[in-house]
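Listing of query_19.pdb, PDB, C-alpha atoms, pLDDT in the B column
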```
ATOM      1  CA  ALA C   5      32.515  68.497  15.358  1.00 75.00           C
ATOM      2  CA  GLN C   6      31.632  67.051  12.006  1.00 83.00           C
ATOM      3  CA  SER C   7      32.968  68.942   9.003  1.00 91.00           C
ATOM      4  CA  VAL C   8      33.889  68.636   5.366  1.00 95.00           C
ATOM      5  CA  THR C   9      36.840  70.444   3.812  1.00 96.00           C
ATOM      6  CA  GLN C  10      37.332  71.022   0.129  1.00 97.00           C
ATOM      7  CA  PRO C  11      40.752  72.680  -0.063  1.00 96.00           C
ATOM      8  CA  ASP C  12      40.454  73.908  -3.631  1.00 95.00           C
ATOM      9  CA  ILE C  13      38.017  76.755  -4.239  1.00 95.00           C
ATOM     10  CA  HIS C  14      38.708  76.975  -7.970  1.00 96.00           C
ATOM     11  CA  ILE C  15      40.329  74.514 -10.347  1.00 97.00           C
ATOM     12  CA  THR C  16      40.970  74.984 -14.050  1.00 97.00           C
ATOM     13  CA  VAL C  17      41.818  72.097 -16.334  1.00 97.00           C
ATOM     14  CA  SER C  18      42.091  71.657 -20.065  1.00 97.00           C
ATOM     15  CA  GLU C  19      39.531  69.584 -21.890  1.00 97.00           C
ATOM     16  CA  GLY C  20      40.741  66.001 -22.071  1.00 97.00           C
ATOM     17  CA  ALA C  21      42.969  66.310 -19.025  1.00 98.00           C
ATOM     18  CA  SER C  22      42.481  64.262 -15.890  1.00 98.00           C
ATOM     19  CA  LEU C  23      40.809  65.692 -12.812  1.00 97.00           C
ATOM     20  CA  GLU C  24      41.019  65.148  -9.085  1.00 98.00           C
ATOM     21  CA  LEU C  25      38.945  67.142  -6.607  1.00 98.00           C
ATOM     22  CA  ARG C  26      39.915  66.798  -2.989  1.00 98.00           C
ATOM     23  CA  CYS C  27      37.607  66.224  -0.033  1.00 98.00           C
ATOM     24  CA  ASN C  28      38.501  65.619   3.600  1.00 97.00           C
ATOM     25  CA  TYR C  29      35.971  64.919   6.303  1.00 95.00           C
ATOM     26  CA  SER C  30      35.888  64.902  10.062  1.00 91.00           C
ATOM     27  CA  TYR C  31      33.434  62.451  11.562  1.00 84.00           C
ATOM     28  CA  GLY C  32      33.901  59.979  14.372  1.00 76.00           C
ATOM     29  CA  ALA C  33      31.726  57.171  13.110  1.00 78.00           C
ATOM     30  CA  THR C  34      31.629  55.298   9.811  1.00 78.00           C
ATOM     31  CA  PRO C  35      31.015  57.999   7.215  1.00 87.00           C
ATOM     32  CA  TYR C  36      28.412  58.058   4.500  1.00 91.00           C
ATOM     33  CA  LEU C  37      29.978  60.175   1.768  1.00 94.00           C
ATOM     34  CA  PHE C  38      28.586  61.885  -1.281  1.00 96.00           C
ATOM     35  CA  TRP C  39      29.629  64.011  -4.232  1.00 98.00           C
ATOM     36  CA  TYR C  40      27.120  66.352  -5.850  1.00 97.00           C
ATOM     37  CA  VAL C  41      27.442  68.549  -8.918  1.00 97.00           C
ATOM     38  CA  GLN C  42      25.668  71.848  -9.492  1.00 95.00           C
ATOM     39  CA  SER C  43      25.662  73.252 -13.000  1.00 92.00           C
ATOM     40  CA  PRO C  44      25.024  76.987 -13.386  1.00 85.00           C
ATOM     41  CA  GLY C  45      21.445  77.850 -12.485  1.00 81.00           C
ATOM     42  CA  GLN C  46      20.619  74.259 -11.576  1.00 84.00           C
ATOM     43  CA  GLY C  47      19.913  72.239  -8.474  1.00 87.00           C
ATOM     44  CA  LEU C  48      22.271  69.599  -7.125  1.00 92.00           C
ATOM     45  CA  GLN C  49      22.699  66.257  -8.849  1.00 95.00           C
ATOM     46  CA  LEU C  50      24.051  63.242  -7.004  1.00 95.00           C
ATOM     47  CA  LEU C  51      27.223  62.004  -8.733  1.00 97.00           C
ATOM     48  CA  LEU C  52      28.130  59.107  -6.468  1.00 96.00           C
ATOM     49  CA  LYS C  53      27.997  57.817  -2.914  1.00 94.00           C
ATOM     50  CA  TYR C  54      29.949  55.634  -0.536  1.00 94.00           C
ATOM     51  CA  PHE C  55      28.293  53.667   2.239  1.00 89.00           C
ATOM     52  CA  SER C  56      30.506  50.629   2.753  1.00 86.00           C
ATOM     53  CA  GLY C  57      32.377  47.918   0.892  1.00 88.00           C
ATOM     54  CA  ASP C  58      34.606  48.604  -2.082  1.00 90.00           C
ATOM     55  CA  THR C  59      36.449  51.840  -1.421  1.00 92.00           C
ATOM     56  CA  LEU C  60      36.482  52.811  -5.091  1.00 96.00           C
ATOM     57  CA  VAL C  61      33.015  53.816  -6.189  1.00 97.00           C
ATOM     58  CA  GLN C  62      31.777  54.579  -9.657  1.00 97.00           C
ATOM     59  CA  GLY C  63      29.279  57.294 -10.405  1.00 97.00           C
ATOM     60  CA  ILE C  64      27.507  58.919 -13.280  1.00 96.00           C
ATOM     61  CA  LYS C  65      29.145  60.903 -16.094  1.00 95.00           C
ATOM     62  CA  GLY C  66      32.377  58.886 -15.839  1.00 96.00           C
ATOM     63  CA  PHE C  67      33.281  60.031 -12.333  1.00 98.00           C
ATOM     64  CA  GLU C  68      34.742  57.865  -9.608  1.00 98.00           C
ATOM     65  CA  ALA C  69      35.810  58.480  -6.026  1.00 98.00           C
ATOM     66  CA  GLU C  70      38.057  56.654  -3.602  1.00 97.00           C
ATOM     67  CA  PHE C  71      37.441  56.443   0.125  1.00 95.00           C
ATOM     68  CA  LYS C  72      40.615  56.391   2.207  1.00 95.00           C
ATOM     69  CA  ARG C  73      39.845  55.973   5.880  1.00 92.00           C
ATOM     70  CA  SER C  74      43.461  56.503   6.972  1.00 92.00           C
ATOM     71  CA  GLN C  75      43.469  59.916   5.288  1.00 94.00           C
ATOM     72  CA  SER C  76      39.823  60.799   6.014  1.00 94.00           C
ATOM     73  CA  SER C  77      39.495  61.562   2.338  1.00 96.00           C
ATOM     74  CA  PHE C  78      37.010  60.965  -0.448  1.00 97.00           C
ATOM     75  CA  ASN C  79      38.567  62.441  -3.575  1.00 98.00           C
ATOM     76  CA  LEU C  80      36.661  62.675  -6.834  1.00 98.00           C
ATOM     77  CA  ARG C  81      38.381  61.761 -10.104  1.00 98.00           C
ATOM     78  CA  LYS C  82      37.730  61.701 -13.805  1.00 98.00           C
ATOM     79  CA  PRO C  83      40.283  60.483 -16.348  1.00 97.00           C
ATOM     80  CA  SER C  84      39.294  62.861 -19.152  1.00 97.00           C
ATOM     81  CA  VAL C  85      37.328  66.043 -18.555  1.00 98.00           C
ATOM     82  CA  HIS C  86      34.729  67.351 -20.993  1.00 96.00           C
ATOM     83  CA  TRP C  87      33.733  70.998 -21.382  1.00 95.00           C
ATOM     84  CA  SER C  88      30.292  70.115 -20.025  1.00 95.00           C
ATOM     85  CA  ASP C  89      31.883  69.131 -16.698  1.00 96.00           C
ATOM     86  CA  ALA C  90      32.379  72.813 -15.841  1.00 96.00           C
ATOM     87  CA  ALA C  91      30.307  73.238 -12.680  1.00 97.00           C
ATOM     88  CA  GLU C  92      30.452  73.479  -8.888  1.00 96.00           C
ATOM     89  CA  TYR C  93      31.214  70.249  -7.051  1.00 98.00           C
ATOM     90  CA  PHE C  94      30.203  69.617  -3.456  1.00 97.00           C
ATOM     91  CA  CYS C  95      31.379  66.874  -1.137  1.00 97.00           C
ATOM     92  CA  ALA C  96      29.063  65.926   1.738  1.00 96.00           C
ATOM     93  CA  VAL C  97      29.054  63.618   4.742  1.00 94.00           C
ATOM     94  CA  GLY C  98      25.963  62.133   6.350  1.00 90.00           C
ATOM     95  CA  VAL C  99      25.810  62.646  10.100  1.00 84.00           C
ATOM     96  CA  SER C 100      23.418  61.170  12.612  1.00 78.00           C
ATOM     97  CA  GLY C 101      21.694  62.991  15.403  1.00 68.00           C
ATOM     98  CA  GLY C 102      18.128  63.942  16.088  1.00 62.00           C
ATOM     99  CA  TYR C 103      17.647  63.747  12.349  1.00 70.00           C
ATOM    100  CA  ASN C 104      20.066  62.253   9.885  1.00 79.00           C
ATOM    101  CA  LYS C 105      21.400  65.057   7.727  1.00 86.00           C
ATOM    102  CA  LEU C 106      24.163  66.068   5.328  1.00 91.00           C
ATOM    103  CA  ILE C 107      27.010  68.453   5.994  1.00 92.00           C
ATOM    104  CA  PHE C 108      28.424  70.025   2.846  1.00 95.00           C
ATOM    105  CA  GLY C 109      31.865  71.270   1.998  1.00 96.00           C
ATOM    106  CA  ALA C 110      32.352  74.763   0.620  1.00 95.00           C
ATOM    107  CA  GLY C 111      32.493  73.492  -2.938  1.00 96.00           C
ATOM    108  CA  THR C 112      35.051  73.513  -5.746  1.00 97.00           C
ATOM    109  CA  ARG C 113      34.335  75.452  -8.909  1.00 96.00           C
ATOM    110  CA  LEU C 114      35.695  73.688 -11.974  1.00 97.00           C
ATOM    111  CA  ALA C 115      36.504  75.584 -15.149  1.00 97.00           C
ATOM    112  CA  VAL C 116      37.401  73.712 -18.338  1.00 97.00           C
ATOM    113  CA  HIS C 117      39.588  75.285 -21.009  1.00 94.00           C
ATOM    114  CA  PRO C 118      38.961  74.163 -24.592  1.00 88.00           C
TER     115      PRO C 118
ATOM    116  CA  SER E  30      14.916  58.766  -8.047  1.00 78.00           C
ATOM    117  CA  ALA E  31      12.000  61.025  -7.236  1.00 87.00           C
ATOM    118  CA  VAL E  32      11.128  63.937  -9.482  1.00 93.00           C
ATOM    119  CA  ILE E  33      11.105  67.143  -7.464  1.00 96.00           C
ATOM    120  CA  SER E  34       9.699  70.462  -8.612  1.00 96.00           C
ATOM    121  CA  GLN E  35       9.814  73.870  -7.008  1.00 97.00           C
ATOM    122  CA  LYS E  36       7.718  76.969  -7.571  1.00 97.00           C
ATOM    123  CA  PRO E  37       8.553  79.672  -8.313  1.00 97.00           C
ATOM    124  CA  SER E  38      11.856  79.050 -10.063  1.00 96.00           C
ATOM    125  CA  ARG E  39      12.883  82.635  -9.386  1.00 97.00           C
ATOM    126  CA  ASP E  40      11.403  85.824  -8.006  1.00 98.00           C
ATOM    127  CA  ILE E  41      12.326  89.404  -7.271  1.00 98.00           C
ATOM    128  CA  CYS E  42      10.698  90.731  -4.127  1.00 97.00           C
ATOM    129  CA  GLN E  43      10.642  93.962  -2.216  1.00 97.00           C
ATOM    130  CA  ARG E  44      12.056  94.393   1.236  1.00 98.00           C
ATOM    131  CA  GLY E  45       9.545  93.675   4.002  1.00 98.00           C
ATOM    132  CA  THR E  46       7.356  91.299   1.989  1.00 98.00           C
ATOM    133  CA  SER E  47       7.079  87.509   2.219  1.00 98.00           C
ATOM    134  CA  LEU E  48       7.442  84.760  -0.345  1.00 98.00           C
ATOM    135  CA  THR E  49       6.189  81.189  -0.149  1.00 98.00           C
ATOM    136  CA  ILE E  50       8.143  78.535  -2.027  1.00 98.00           C
ATOM    137  CA  GLN E  51       6.517  75.242  -2.911  1.00 98.00           C
ATOM    138  CA  CYS E  52       8.193  71.856  -3.199  1.00 98.00           C
ATOM    139  CA  GLN E  53       6.322  68.990  -4.867  1.00 98.00           C
ATOM    140  CA  VAL E  54       7.523  65.386  -5.145  1.00 97.00           C
ATOM    141  CA  ASP E  55       6.082  62.794  -7.491  1.00 96.00           C
ATOM    142  CA  SER E  56       6.148  60.039  -4.845  1.00 94.00           C
ATOM    143  CA  GLN E  57       5.678  59.804  -1.118  1.00 92.00           C
ATOM    144  CA  VAL E  58       8.796  60.497   0.913  1.00 91.00           C
ATOM    145  CA  THR E  59       9.359  60.481   4.635  1.00 86.00           C
ATOM    146  CA  MET E  60      12.070  63.116   4.956  1.00 88.00           C
ATOM    147  CA  MET E  61      12.125  66.549   3.321  1.00 93.00           C
ATOM    148  CA  PHE E  62      14.638  69.300   3.925  1.00 95.00           C
ATOM    149  CA  TRP E  63      15.002  72.980   3.100  1.00 97.00           C
ATOM    150  CA  TYR E  64      18.388  74.547   2.371  1.00 96.00           C
ATOM    151  CA  ARG E  65      19.664  78.030   1.685  1.00 97.00           C
ATOM    152  CA  GLN E  66      22.547  78.713  -0.666  1.00 94.00           C
ATOM    153  CA  GLN E  67      23.774  82.277  -0.428  1.00 94.00           C
ATOM    154  CA  PRO E  68      25.600  83.734  -3.434  1.00 90.00           C
ATOM    155  CA  GLY E  69      28.851  81.908  -4.042  1.00 87.00           C
ATOM    156  CA  GLN E  70      28.400  79.789  -0.934  1.00 90.00           C
ATOM    157  CA  SER E  71      27.698  76.198  -0.024  1.00 91.00           C
ATOM    158  CA  LEU E  72      24.400  74.817   1.219  1.00 93.00           C
ATOM    159  CA  THR E  73      23.148  75.491   4.713  1.00 94.00           C
ATOM    160  CA  LEU E  74      20.351  73.411   6.154  1.00 94.00           C
ATOM    161  CA  ILE E  75      17.430  75.536   7.324  1.00 96.00           C
ATOM    162  CA  ALA E  76      15.122  72.859   8.674  1.00 95.00           C
ATOM    163  CA  THR E  77      13.733  69.374   8.380  1.00 93.00           C
ATOM    164  CA  ALA E  78      10.093  69.404   7.309  1.00 92.00           C
ATOM    165  CA  ASN E  79       8.122  66.835   9.288  1.00 83.00           C
ATOM    166  CA  GLN E  80       4.785  65.552   8.097  1.00 83.00           C
ATOM    167  CA  GLY E  81       2.106  66.164  10.699  1.00 81.00           C
ATOM    168  CA  SER E  82       4.319  68.032  13.142  1.00 82.00           C
ATOM    169  CA  GLU E  83       6.360  71.176  13.474  1.00 87.00           C
ATOM    170  CA  ALA E  84       9.546  71.517  11.472  1.00 92.00           C
ATOM    171  CA  THR E  85      12.908  71.032  13.149  1.00 92.00           C
ATOM    172  CA  TYR E  86      15.076  74.110  12.692  1.00 95.00           C
ATOM    173  CA  GLU E  87      18.846  74.319  12.629  1.00 93.00           C
ATOM    174  CA  SER E  88      20.758  76.744  14.777  1.00 93.00           C
ATOM    175  CA  GLY E  89      20.393  80.270  13.456  1.00 95.00           C
ATOM    176  CA  PHE E  90      17.022  79.705  11.798  1.00 97.00           C
ATOM    177  CA  VAL E  91      13.685  80.408  13.473  1.00 96.00           C
ATOM    178  CA  ILE E  92      10.101  79.564  12.696  1.00 96.00           C
ATOM    179  CA  ASP E  93       8.945  83.182  12.658  1.00 97.00           C
ATOM    180  CA  LYS E  94      11.340  83.971   9.816  1.00 98.00           C
ATOM    181  CA  PHE E  95      11.079  80.677   7.914  1.00 98.00           C
ATOM    182  CA  PRO E  96       7.712  79.028   8.612  1.00 97.00           C
ATOM    183  CA  ILE E  97       7.414  75.604   7.005  1.00 96.00           C
ATOM    184  CA  SER E  98       4.396  73.477   6.263  1.00 94.00           C
ATOM    185  CA  ARG E  99       4.294  69.773   5.403  1.00 94.00           C
ATOM    186  CA  PRO E 100       0.648  68.810   4.937  1.00 93.00           C
ATOM    187  CA  ASN E 101       1.352  65.419   3.341  1.00 93.00           C
ATOM    188  CA  LEU E 102       4.136  63.119   2.169  1.00 93.00           C
ATOM    189  CA  THR E 103       4.577  64.755  -1.254  1.00 95.00           C
ATOM    190  CA  PHE E 104       4.419  68.499  -0.568  1.00 96.00           C
ATOM    191  CA  SER E 105       6.032  71.173   1.545  1.00 97.00           C
ATOM    192  CA  THR E 106       6.258  74.953   1.597  1.00 97.00           C
ATOM    193  CA  LEU E 107       8.872  77.325   2.942  1.00 98.00           C
ATOM    194  CA  THR E 108       7.976  80.962   3.572  1.00 98.00           C
ATOM    195  CA  VAL E 109      10.641  83.628   3.766  1.00 98.00           C
ATOM    196  CA  SER E 110       9.077  86.348   5.908  1.00 98.00           C
ATOM    197  CA  ASN E 111       9.771  90.049   6.227  1.00 98.00           C
ATOM    198  CA  MET E 112      12.509  89.804   3.654  1.00 98.00           C
ATOM    199  CA  SER E 113      15.675  91.856   3.539  1.00 97.00           C
ATOM    200  CA  PRO E 114      18.409  91.927   0.877  1.00 97.00           C
ATOM    201  CA  GLU E 115      20.386  89.454   3.025  1.00 96.00           C
ATOM    202  CA  ASP E 116      17.725  86.860   2.220  1.00 97.00           C
ATOM    203  CA  SER E 117      18.728  86.914  -1.440  1.00 97.00           C
ATOM    204  CA  SER E 118      19.722  83.300  -2.027  1.00 97.00           C
ATOM    205  CA  ILE E 119      18.832  80.088  -3.757  1.00 96.00           C
ATOM    206  CA  TYR E 120      16.423  78.016  -1.688  1.00 97.00           C
ATOM    207  CA  LEU E 121      16.418  74.282  -2.327  1.00 96.00           C
ATOM    208  CA  CYS E 122      14.285  71.467  -1.081  1.00 97.00           C
ATOM    209  CA  SER E 123      15.498  67.904  -0.929  1.00 96.00           C
ATOM    210  CA  VAL E 124      14.049  64.499  -0.166  1.00 94.00           C
ATOM    211  CA  VAL E 125      15.522  61.297   1.167  1.00 90.00           C
ATOM    212  CA  GLN E 126      15.315  58.134  -0.898  1.00 83.00           C
ATOM    213  CA  GLY E 127      17.146  54.888  -0.324  1.00 77.00           C
ATOM    214  CA  ASN E 128      19.769  55.215   2.370  1.00 77.00           C
ATOM    215  CA  VAL E 129      18.704  57.558   5.188  1.00 79.00           C
ATOM    216  CA  TYR E 130      21.349  60.073   4.170  1.00 84.00           C
ATOM    217  CA  GLU E 131      20.809  59.912   0.407  1.00 88.00           C
ATOM    218  CA  GLN E 132      19.197  63.178  -0.626  1.00 92.00           C
ATOM    219  CA  TYR E 133      17.862  64.327  -3.971  1.00 93.00           C
ATOM    220  CA  PHE E 134      17.393  67.990  -4.685  1.00 95.00           C
ATOM    221  CA  GLY E 135      14.855  70.140  -6.427  1.00 95.00           C
ATOM    222  CA  PRO E 136      15.963  72.698  -9.020  1.00 95.00           C
ATOM    223  CA  GLY E 137      15.950  75.538  -6.506  1.00 96.00           C
ATOM    224  CA  THR E 138      14.239  78.915  -6.213  1.00 97.00           C
ATOM    225  CA  ARG E 139      16.415  81.932  -6.892  1.00 96.00           C
ATOM    226  CA  LEU E 140      15.232  84.812  -4.703  1.00 97.00           C
ATOM    227  CA  THR E 141      16.395  88.400  -5.074  1.00 97.00           C
ATOM    228  CA  VAL E 142      15.282  90.959  -2.507  1.00 98.00           C
ATOM    229  CA  THR E 143      15.520  94.617  -3.443  1.00 97.00           C
TER     230      THR E 143
END
```
Take the structure I supplied and represent it as structure tokens, if you would.
Amino acid sequence: AQSVTQPDIHITVSEGASLELRCNYSYGATPYLFWYVQSPGQGLQLLLKYFSGDTLVQGIKGFEAEFKRSQSSFNLRKPSVHWSDAAEYFCAVGVSGGYNKLIFGAGTRLAVHP
Amino acid sequence: SAVISQKPSRDICQRGTSLTIQCQVDSQVTMMFWYRQQPGQSLTLIATANQGSEATYESGFVIDKFPISRPNLTFSTLTVSNMSPEDSSIYLCSVVQGNVYEQYFGPGTRLTVT
């Protein structure tokens, strides 16, 4: 069955430090992969997406993610975290069926220390 | 991307009553979805709202509890019927733009049932 695993429930980093959020997926076909961010009290904002081509994709707010087929991973990275990056981050995979839909991971809550 | 609004943004309701949530998009879209996000949890797809036909519900969700309307390509409603405290959640609508899996989310409706 299709699934998305985000192993880290909570992560705390210091402002200015680098960040990597892990995401592993299980899907038999070519995956369409997404990272979303949800700030407190807000809806979800699309950070970046991978459909095909270059396995390193750039997104908004200085984020990037790398697709590694051999590891079934799509980890999110940022070289220097800002306090405003504190939020919940969700990885998702697009799956086909009767209707094309997204399956979300459980999310990783990021806290940023000043 | 499309601008998506939801009404109400939040509500506190009594057990046994119903609440209708509206989702309005500023452009025509083919696919609209409704999600539930229980406290501290990830997103769970409730149903796909189909224009001109009945919604397609995910396992565990039924039309009697979550009736959905989609009268045109820019508007949809989700009703949470006969509410109980377990229905306390954030309800989000989303639309597809671009790639068939690429979804954009509304700001959400925070529902508390007492």
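Across C:Gly45, C:Ile64, C:Glu19, C:Pro118, the tightest approach to E:Ser38 is made by C:Gly45 when counting only C-alpha atoms.
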* To do: Check what the PyMOL selection byres ((chain C and resi 28-44) around 7) selects in the file above and give those residues as a PyMOL selection string.
  => chain C and resi 6-10+26-27+45-55+76-78+91-98
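Neighbours of E:Gln132 closer than or equal to 9 Å, with only C-alpha atoms counted and sequence neighbours fewer than 3 positions away skipped, come out as C:Leu50, C:Lys105, C:Leu106, E:Met61, E:Phe62, E:Ser123, E:Val124, E:Val125, E:Gln126, E:Gly127, E:Asn128, E:Val129.
If all atoms listed in the file are the atoms counted, then among E:Gln80, E:Thr59, E:Gln43, E:Ser71 the closest residue to E:Tyr120 is E:Ser71.
Going from atom CA of C:Pro83 over to atom CA of E:Gln70, you cover 27.4 Å.
Evaluated against this file, the ChimeraX specification (/C :<6) & /E yields Ser71, Tyr130, Phe134, Gly135, Pro136 and Gly137 of chain E.
For the set E:Ser56, E:Gln35, E:Ser105, E:Gln67, the residue with the smallest atom-to-atom gap to E:Asn79 is E:Ser105, counting only C-alpha atoms.
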Using all atoms listed in the file, which protein or nucleic acid residues come within 10 Å of E:Ser88? Drop anything in the same chain fewer than 4 positions from it, and give the result as a short mmCIF file (atom, residue, chain, number, x, y, z; two decimals) with C-alpha atoms, in the frame of the given file.
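So selection13.cif came out as:
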```cif
data_model
loop_
_atom_site.label_atom_id
_atom_site.label_comp_id
_atom_site.auth_asym_id
_atom_site.auth_seq_id
_atom_site.Cartn_x
_atom_site.Cartn_y
_atom_site.Cartn_z
CA LEU E 74 20.35 73.41 6.15
CA ILE E 75 17.43 75.54 7.32
CA ALA E 76 15.12 72.86 8.67
#
```
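Going from atom CA of C:Ser88 over to atom CA of E:Ile33, you cover 23.1 Å.
Rounded to one decimal, atom CA of E:Gln57 and atom CA of E:Ser34 lie 13.6 Å from each other.
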Contact residues around E:Lys36 with all atoms listed in the file at 8 Å, ignoring same-chain residues under 4 positions, as a ChimeraX atom specification:
/E:50-52,138
